[in-house]
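Listing of start-v3.txt; format and content: compact mmCIF, C-alpha atoms and all ligand atoms.
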# COMPACT_ATOMS: atom_id res chain seq x y z
CA MET A 1 -66.29 0.60 -123.53
CA THR A 2 -65.44 4.18 -122.42
CA ALA A 3 -67.15 6.92 -124.44
CA LEU A 4 -64.84 9.11 -126.49
CA THR A 5 -64.57 12.57 -124.92
CA ALA A 6 -62.86 15.90 -125.54
CA ASN A 7 -62.04 18.99 -123.53
CA LEU A 8 -63.89 21.98 -125.00
CA ILE A 9 -63.67 25.73 -124.47
CA GLU A 10 -66.77 26.85 -126.35
CA ILE A 11 -69.21 26.45 -129.24
CA PHE A 12 -70.77 29.49 -130.87
CA SER A 13 -71.86 30.97 -134.21
CA ALA A 14 -69.88 33.95 -135.54
CA ILE A 15 -68.43 35.76 -138.52
CA GLN A 16 -64.93 34.55 -139.33
CA GLY A 17 -62.51 37.44 -138.99
CA GLU A 18 -59.29 35.99 -140.40
CA GLY A 19 -57.86 34.36 -143.49
CA ILE A 20 -59.53 33.18 -146.66
CA ASN A 21 -62.96 32.67 -145.01
CA VAL A 22 -63.11 36.25 -143.72
CA GLY A 23 -66.69 37.51 -143.54
CA THR A 24 -68.32 34.09 -143.76
CA ARG A 25 -70.52 32.64 -141.03
CA GLN A 26 -69.15 29.66 -139.16
CA ILE A 27 -69.98 27.37 -136.29
CA PHE A 28 -66.89 27.59 -134.07
CA VAL A 29 -65.90 24.51 -132.08
CA ARG A 30 -63.01 25.56 -129.85
CA PHE A 31 -60.99 22.81 -128.17
CA GLY A 32 -58.99 23.27 -124.98
CA GLY A 33 -55.21 22.97 -124.64
CA CYS A 34 -52.28 24.39 -126.59
CA ASP A 35 -48.69 23.21 -126.70
CA LEU A 36 -47.30 26.56 -127.96
CA ARG A 37 -46.81 29.84 -126.10
CA CYS A 38 -46.90 32.54 -128.77
CA ALA A 39 -45.91 35.93 -127.37
CA TYR A 40 -48.88 37.60 -129.06
CA CYS A 41 -51.48 35.04 -127.97
CA ASP A 42 -54.84 36.63 -127.15
CA SER A 43 -56.36 33.26 -126.23
CA GLN A 44 -54.39 32.30 -123.14
CA HIS A 45 -57.59 30.91 -121.62
CA THR A 46 -57.25 28.06 -124.15
CA TRP A 47 -53.73 26.99 -123.09
CA GLN A 48 -54.90 24.70 -120.31
CA LYS A 49 -57.82 22.33 -120.35
CA GLN A 50 -60.72 23.98 -118.51
CA PRO A 51 -63.08 22.30 -116.03
CA THR A 52 -66.12 23.70 -117.87
CA CYS A 53 -67.06 24.87 -121.36
CA SER A 54 -69.50 27.49 -122.72
CA ILE A 55 -72.14 26.41 -125.20
CA GLU A 56 -74.22 28.93 -127.11
CA GLN A 57 -77.90 27.99 -127.09
CA THR A 58 -79.07 30.05 -130.07
CA PRO A 59 -76.77 30.89 -133.04
CA GLY A 60 -75.32 34.38 -132.58
CA GLU A 61 -77.30 35.21 -129.40
CA ARG A 62 -74.39 34.61 -126.95
CA ASP A 63 -76.84 32.93 -124.57
CA PHE A 64 -74.19 30.55 -123.24
CA SER A 65 -74.81 27.71 -120.84
CA THR A 66 -71.98 26.14 -118.83
CA HIS A 67 -71.16 22.43 -118.87
CA ASP A 68 -68.58 20.23 -117.21
CA ASN A 69 -65.65 18.91 -119.25
CA PRO A 70 -64.87 16.46 -120.74
CA ILE A 71 -67.67 16.32 -123.31
CA GLU A 72 -68.88 13.11 -124.95
CA LEU A 73 -68.87 12.92 -128.73
CA SER A 74 -72.63 12.36 -128.97
CA GLN A 75 -73.25 15.47 -126.86
CA LEU A 76 -70.97 17.58 -129.03
CA LEU A 77 -72.79 16.39 -132.17
CA THR A 78 -76.11 17.43 -130.62
CA TRP A 79 -74.81 20.91 -129.79
CA VAL A 80 -73.32 21.50 -133.24
CA ASP A 81 -76.50 20.26 -134.90
CA ARG A 82 -78.54 22.71 -132.81
CA GLN A 83 -76.42 25.56 -134.24
CA ASN A 84 -76.96 24.33 -137.79
CA ILE A 85 -80.17 26.16 -138.69
CA PRO A 86 -80.95 26.20 -142.45
CA HIS A 87 -78.89 28.45 -144.74
CA LEU A 88 -77.01 30.30 -141.95
CA HIS A 89 -73.54 28.77 -141.82
CA ASP A 90 -70.93 28.40 -144.53
CA SER A 91 -68.68 25.97 -142.66
CA ILE A 92 -67.56 24.61 -139.30
CA SER A 93 -64.36 25.98 -137.79
CA ILE A 94 -62.34 23.47 -135.76
CA THR A 95 -60.14 25.69 -133.62
CA GLY A 96 -58.42 26.10 -130.27
CA GLY A 97 -55.97 26.25 -128.59
CA GLU A 98 -54.42 23.63 -130.84
CA PRO A 99 -57.19 21.35 -132.14
CA LEU A 100 -54.72 18.76 -133.45
CA LEU A 101 -53.97 17.82 -129.84
CA HIS A 102 -57.40 16.16 -130.08
CA ALA A 103 -56.67 14.11 -133.22
CA PRO A 104 -57.99 10.76 -131.88
CA PHE A 105 -61.29 12.45 -131.01
CA LEU A 106 -61.44 14.31 -134.34
CA VAL A 107 -60.95 11.06 -136.28
CA GLU A 108 -64.33 9.95 -134.91
CA PHE A 109 -66.03 13.35 -134.68
CA LEU A 110 -65.31 14.87 -138.10
CA PRO A 111 -66.92 12.23 -140.35
CA GLN A 112 -70.00 12.20 -138.14
CA VAL A 113 -70.41 15.98 -137.92
CA LYS A 114 -69.90 16.27 -141.67
CA ALA A 115 -72.57 13.66 -142.38
CA LEU A 116 -74.94 15.34 -139.91
CA THR A 117 -74.55 18.98 -140.98
CA LYS A 118 -73.39 18.65 -144.62
CA LEU A 119 -71.12 21.64 -143.89
CA PRO A 120 -67.48 21.93 -145.02
CA ILE A 121 -64.84 21.51 -142.31
CA TYR A 122 -62.18 24.18 -141.77
CA LEU A 123 -59.19 23.45 -139.52
CA GLU A 124 -57.40 26.37 -137.86
CA THR A 125 -54.02 25.26 -136.53
CA GLY A 126 -50.55 26.35 -135.53
CA GLY A 127 -49.27 24.19 -138.40
CA HIS A 128 -46.70 22.31 -136.33
CA ARG A 129 -48.25 18.85 -135.86
CA PRO A 130 -48.00 17.09 -139.24
CA SER A 131 -48.49 13.54 -137.98
CA GLN A 132 -51.80 14.48 -136.32
CA LEU A 133 -52.85 16.35 -139.49
CA ARG A 134 -52.36 13.14 -141.49
CA GLN A 135 -54.86 11.33 -139.27
CA ILE A 136 -57.75 13.72 -140.00
CA LEU A 137 -56.90 14.95 -143.51
CA PRO A 138 -59.63 12.94 -145.32
CA TRP A 139 -62.37 14.99 -143.65
CA LEU A 140 -60.89 18.46 -144.09
CA ASP A 141 -62.05 20.88 -146.78
CA LEU A 142 -59.70 23.72 -145.89
CA VAL A 143 -56.69 24.17 -143.62
CA GLY A 144 -55.58 27.53 -142.25
CA MET A 145 -52.09 27.08 -140.83
CA ASP A 146 -49.76 29.52 -139.13
CA ILE A 147 -46.11 30.03 -139.85
CA LYS A 148 -44.75 31.21 -136.52
CA LEU A 149 -41.99 33.76 -136.98
CA PRO A 150 -39.49 33.47 -134.09
CA SER A 151 -39.03 37.27 -134.07
CA VAL A 152 -42.72 37.79 -133.29
CA SER A 153 -44.06 34.61 -131.69
CA GLY A 154 -40.99 33.36 -129.83
CA GLU A 155 -41.78 29.93 -131.36
CA ASN A 156 -39.63 28.16 -133.98
CA HIS A 157 -41.13 25.33 -136.09
CA TRP A 158 -39.77 25.78 -139.63
CA GLY A 159 -39.31 22.07 -140.35
CA LYS A 160 -42.77 21.11 -139.09
CA HIS A 161 -44.40 23.94 -141.06
CA GLN A 162 -42.74 22.70 -144.24
CA GLU A 163 -43.85 19.12 -143.63
CA PHE A 164 -47.37 20.36 -142.88
CA LEU A 165 -47.62 22.22 -146.18
CA GLN A 166 -46.18 19.27 -148.09
CA ILE A 167 -48.83 16.93 -146.64
CA CYS A 168 -51.65 19.29 -147.69
CA GLN A 169 -50.25 19.61 -151.18
CA ALA A 170 -49.71 15.87 -151.62
CA ASP A 171 -53.31 15.18 -150.58
CA ARG A 172 -54.69 18.14 -152.53
CA VAL A 173 -56.32 19.73 -149.49
CA ASP A 174 -56.78 23.49 -149.82
CA VAL A 175 -54.47 25.34 -147.46
CA PHE A 176 -53.58 28.94 -146.74
CA VAL A 177 -50.89 30.39 -144.49
CA LYS A 178 -51.31 33.06 -141.83
CA ILE A 179 -48.36 35.00 -140.42
CA ILE A 180 -48.71 37.44 -137.53
CA ILE A 181 -46.52 40.50 -137.94
CA SER A 182 -45.47 43.19 -135.46
CA GLN A 183 -42.88 45.98 -135.44
CA THR A 184 -40.33 43.38 -134.29
CA THR A 185 -40.79 41.18 -137.39
CA SER A 186 -37.55 40.10 -139.01
CA PRO A 187 -37.61 40.65 -142.81
CA ALA A 188 -35.17 37.74 -143.15
CA GLU A 189 -37.72 35.46 -141.49
CA LEU A 190 -40.47 36.73 -143.81
CA GLN A 191 -38.21 35.91 -146.73
CA GLN A 192 -37.58 32.45 -145.27
CA ALA A 193 -41.34 31.91 -144.89
CA ALA A 194 -42.03 33.01 -148.45
CA ARG A 195 -39.35 30.66 -149.78
CA LEU A 196 -40.71 27.79 -147.70
CA VAL A 197 -44.21 28.30 -149.13
CA ALA A 198 -42.97 28.82 -152.70
CA ASP A 199 -40.89 25.65 -152.57
CA VAL A 200 -44.07 23.65 -151.88
CA ASP A 201 -46.55 25.61 -154.03
CA GLU A 202 -46.10 29.24 -154.99
CA ARG A 203 -49.88 29.60 -155.55
CA THR A 204 -50.57 29.18 -151.81
CA VAL A 205 -52.14 32.34 -150.42
CA ILE A 206 -50.28 33.99 -147.53
CA PHE A 207 -52.11 36.30 -145.14
CA LEU A 208 -50.00 38.81 -143.28
CA GLN A 209 -51.99 39.66 -140.17
CA PRO A 210 -50.81 42.79 -138.35
CA MET A 211 -51.01 42.54 -134.59
CA THR A 212 -54.29 44.05 -133.52
CA ALA A 213 -53.72 47.64 -132.36
CA LEU A 214 -56.75 47.48 -130.09
CA ALA A 215 -55.97 46.86 -126.43
CA GLN A 216 -55.13 43.19 -125.82
CA PRO A 217 -54.48 42.83 -122.12
CA HIS A 218 -53.11 39.30 -122.44
CA THR A 219 -50.51 39.97 -125.10
CA ASN A 220 -46.88 40.95 -124.69
CA PRO A 221 -46.80 44.78 -124.29
CA ASP A 222 -43.49 44.90 -126.19
CA LEU A 223 -45.26 43.76 -129.36
CA THR A 224 -46.97 46.52 -131.33
CA ALA A 225 -48.71 46.66 -134.69
CA PRO A 226 -46.35 47.24 -137.64
CA THR A 227 -46.22 50.65 -139.27
CA PRO A 228 -47.90 51.20 -142.68
CA ALA A 229 -44.43 51.51 -144.24
CA GLN A 230 -43.33 48.17 -142.78
CA VAL A 231 -46.44 46.40 -144.07
CA LEU A 232 -45.99 47.79 -147.57
CA ALA A 233 -42.33 46.80 -147.67
CA TRP A 234 -42.90 43.29 -146.30
CA GLN A 235 -45.74 42.51 -148.71
CA ALA A 236 -43.50 43.56 -151.60
CA LEU A 237 -40.64 41.43 -150.23
CA MET A 238 -42.79 38.29 -150.04
CA LYS A 239 -44.37 38.81 -153.46
CA GLU A 240 -40.98 38.20 -155.00
CA TYR A 241 -41.56 34.53 -154.10
CA VAL A 242 -45.33 33.91 -153.92
CA SER A 243 -48.03 35.44 -156.09
CA GLN A 244 -50.67 36.09 -153.42
CA VAL A 245 -49.76 37.95 -150.24
CA ARG A 246 -52.76 39.64 -148.63
CA VAL A 247 -52.64 41.96 -145.62
CA ILE A 248 -55.75 41.65 -143.45
CA PRO A 249 -56.09 42.58 -139.76
CA GLN A 250 -58.45 40.70 -137.44
CA THR A 251 -61.82 41.95 -138.70
CA HIS A 252 -63.86 40.24 -135.97
CA LYS A 253 -62.20 42.54 -133.44
CA MET A 254 -63.18 45.58 -135.54
CA LEU A 255 -66.76 44.28 -135.38
CA GLY A 256 -66.48 43.83 -131.62
CA GLN A 257 -67.14 40.10 -131.96
CA LEU A 258 -65.83 37.30 -129.78
S1 LIG A 301 -50.95 28.52 -131.21
FE1 LIG A 301 -52.68 29.95 -130.99
S2 LIG A 301 -53.64 29.44 -128.99
FE2 LIG A 301 -51.57 28.51 -129.03
S3 LIG A 301 -50.23 30.03 -128.04
FE3 LIG A 301 -50.12 30.39 -130.27
S4 LIG A 301 -51.71 31.94 -130.69
FE4 LIG A 301 -52.15 31.08 -128.63
Please go through the file and, once you have read it, give me the structure as structure tokens.
Ligand code: SF4
Amino acid sequence: MTALTANLIEIFSAIQGEGINVGTRQIFVRFGGCDLRCAYCDSQHTWQKQPTCSIEQTPGERDFSTHDNPIELSQLLTWVDRQNIPHLHDSISITGGEPLLHAPFLVEFLPQVKALTKLPIYLETGGHRPSQLRQILPWLDLVGMDIKLPSVSGENHWGKHQEFLQICQADRVDVFVKIIISQTTSPAELQQAARLVADVDERTVIFLQPMTALAQPHTNPDLTAPTPAQVLAWQALMKEYVSQVRVIPQTHKMLGQL
């Protein structure tokens, strides 16, 4: 029988800089490959599967070693377990790229890594692959999903986002929504996003994440961080529909982290 394998980008230990887990320490397992092409993407190196991956040897030391892809499941478990020194990490972040492109691998990997580390599992996703989400839902403790605004991302997945949220709610899996905003953001789309979330569960927390003003050489130069006035107006607009709308920029970039 062929061993189950996955294409990885990297494994490392870091402080989460986005969403509801901001400030907590996580083991990041970043998978290769993404099926979207968001205009603001600062992770274009994850779009294609890479021939090699970078594995941190010591949590937080950035002492990476390089290994050939694809990676066998047993090897990945060993690397994650090595990161899991007592009391350091709050959870494991399954990220990408788009990690749900690896659903068949995750179905096998997640129950084993959970049993091994006893850490909660956090999925970070574009929120547009509901059928793959269904496959791995039993092992997830928290889902952070994007709603991609066409006016900012260039992507359009309203129907899939709605289905995604509905699945999380039906299975009572904690979920929050992240929306990247720039000066080009359409208020009508923000209103549509707020309605979409409220129709499923108005208690769902929405994070408005202003585009990072720091230099991002890979992102579209036409996209710039929203003005303070825009952010204030858009938060007020969305709070007409959902109770919790928080504005938080990428704090890991402020810290100079990966
Ligand atoms: S989903 Fe994430 S990794 Fe994929 S293009 Fe969009 S921002 Fe980049």
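Picture a line from atom CA of Arg82 of chain A to atom CA of Glu56 of chain A; it runs 9.5 Å.
Taking only C-alpha atoms and all ligand atoms into account, ligand LIG 301 (chain A) has within 7 Å the residues Cys34, Asp35, Leu36, Arg37, Cys38, Tyr40, Cys41, Asp42, Ser43, Gln44, Thr46, Trp47, Gly96, Gly97, Glu98, Thr125 and Gly126 of chain A.
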- Message: Show me the residues close to (-48.2, 22.2, -137.2) - anything with an atom within 8 Å, counting all atoms listed in the file - and format the list as a PyMOL selection string.
- Response: chain A and resi 125-130+133+145-146+157+160-161+164
- Considering only C-alpha atoms, state which residue in the set A:Thr184, A:Gln75, A:Ser243, A:Ser13 is at the smallest distance from Ser93 of chain A. A:Ser13
- Near Val175 of chain A, counting only C-alpha atoms, which residues have an atom at most 8 Å away, once you skip same-chain residues fewer than 5 positions from it, shown as a VMD selection string? chain A and resid 142 to 145 165 168 204 to 205
Please dump the current selection as a compact mmCIF listing (two decimals), keeping the file's coordinate frame; keep C-alpha atoms.
# COMPACT_ATOMS: atom_id res chain seq x y z
CA LEU A 142 -59.70 23.72 -145.89
CA VAL A 143 -56.69 24.17 -143.62
CA GLY A 144 -55.58 27.53 -142.25
CA MET A 145 -52.09 27.08 -140.83
CA LEU A 165 -47.62 22.22 -146.18
CA CYS A 168 -51.65 19.29 -147.69
CA THR A 204 -50.57 29.18 -151.81
CA VAL A 205 -52.14 32.34 -150.42
- Can you tell me, as a list of chain:residue names, what residues are no more than 9 Å from segment 229-237 of chain A when counting all atoms listed in the file, ignoring any on the same chain fewer than 4 positions away? A:Ile181, A:Gln183, A:Pro187, A:Leu190, A:Gln191, A:Ala194, A:Leu208, A:Pro210, A:Tyr241, A:Val245, A:Arg246, A:Val247
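Here the question is which of A:Arg172, A:Lys178, A:Arg25, A:Arg134 gets nearest to Leu149 of chain A using only C-alpha atoms, and that residue is A:Lys178.
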- So how far away is atom CA of Ile121 of chain A from atom CA of Lys239 of chain A, in Å? 29.0 Å
- Task: With a distance cut-off of 12 Å and all atoms listed in the file, select the neighbouring residues of Ile136 of chain A, excluding the residue or stretch itself and same-chain residues fewer than 3 positions from it, and output the selection as a PyMOL selection string.
- Result: chain A and resi 94+99-111+121-123+129-133+139-143+167-168+171+173
Restricting it to C-alpha atoms, dump the selection as a CSV table (one decimal), in the coordinates of the input.
chain,number,residue,atom,x,y,z
A,94,ILE,CA,-62.3,23.5,-135.8
A,99,PRO,CA,-57.2,21.4,-132.1
A,100,LEU,CA,-54.7,18.8,-133.4
A,101,LEU,CA,-54.0,17.8,-129.8
A,102,HIS,CA,-57.4,16.2,-130.1
A,103,ALA,CA,-56.7,14.1,-133.2
A,104,PRO,CA,-58.0,10.8,-131.9
A,105,PHE,CA,-61.3,12.4,-131.0
A,106,LEU,CA,-61.4,14.3,-134.3
A,107,VAL,CA,-61.0,11.1,-136.3
A,108,GLU,CA,-64.3,10.0,-134.9
A,109,PHE,CA,-66.0,13.4,-134.7
A,110,LEU,CA,-65.3,14.9,-138.1
A,111,PRO,CA,-66.9,12.2,-140.4
A,121,ILE,CA,-64.8,21.5,-142.3
A,122,TYR,CA,-62.2,24.2,-141.8
A,123,LEU,CA,-59.2,23.4,-139.5
A,129,ARG,CA,-48.2,18.8,-135.9
A,130,PRO,CA,-48.0,17.1,-139.2
A,131,SER,CA,-48.5,13.5,-138.0
A,132,GLN,CA,-51.8,14.5,-136.3
A,133,LEU,CA,-52.8,16.4,-139.5
A,139,TRP,CA,-62.4,15.0,-143.6
A,140,LEU,CA,-60.9,18.5,-144.1
A,141,ASP,CA,-62.0,20.9,-146.8
A,142,LEU,CA,-59.7,23.7,-145.9
A,143,VAL,CA,-56.7,24.2,-143.6
A,167,ILE,CA,-48.8,16.9,-146.6
A,168,CYS,CA,-51.6,19.3,-147.7
A,171,ASP,CA,-53.3,15.2,-150.6
A,173,VAL,CA,-56.3,19.7,-149.5
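Of the listed residues (A:Phe12, A:Phe207, A:Trp79, A:Phe31), A:Trp79 comes nearest to Thr117 of chain A; the distances count all atoms listed in the file.
Residues in contact with Lys49 of chain A at up to 8 Å, not including ones fewer than 4 positions away on its chain and judged by only C-alpha atoms, are A:Asn7, A:Leu8, A:Ile9, A:Gly32, A:Gly33.
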- Task: Enumerate, as a list in words, the protein, DNA and RNA residues whose atoms approach (-35.5, 40.4, -133.7) to within 9 Å, taking into account all atoms listed in the file and the coordinate frame of the file.
- Result: Pro150, Ser151, Val152, Thr184, Thr185 and Ser186 of chain A
Requested write-out: C-alpha atoms of the selected residues, as a short mmCIF file (atom, residue, chain, number, x, y, z; two decimals), in the frame of the given file:
data_model
loop_
_atom_site.label_atom_id
_atom_site.label_comp_id
_atom_site.auth_asym_id
_atom_site.auth_seq_id
_atom_site.Cartn_x
_atom_site.Cartn_y
_atom_site.Cartn_z
CA PRO A 150 -39.49 33.47 -134.09
CA SER A 151 -39.03 37.27 -134.07
CA VAL A 152 -42.72 37.79 -133.29
CA THR A 184 -40.33 43.38 -134.29
CA THR A 185 -40.79 41.18 -137.39
CA SER A 186 -37.55 40.10 -139.01
#
- Message: If we count all atoms listed in the file and set the cut-off at 7 Å, which residues sit around His89 of chain A, ignoring sequence neighbours fewer than 2 positions away in its own chain? Please answer as an MDAnalysis selection string.
- Response: chainID A and resid 25:27 84 87 91
- Work out how far atom CA of Ala14 of chain A is from atom CA of Arg62 of chain A, in Å to one decimal. 9.7 Å
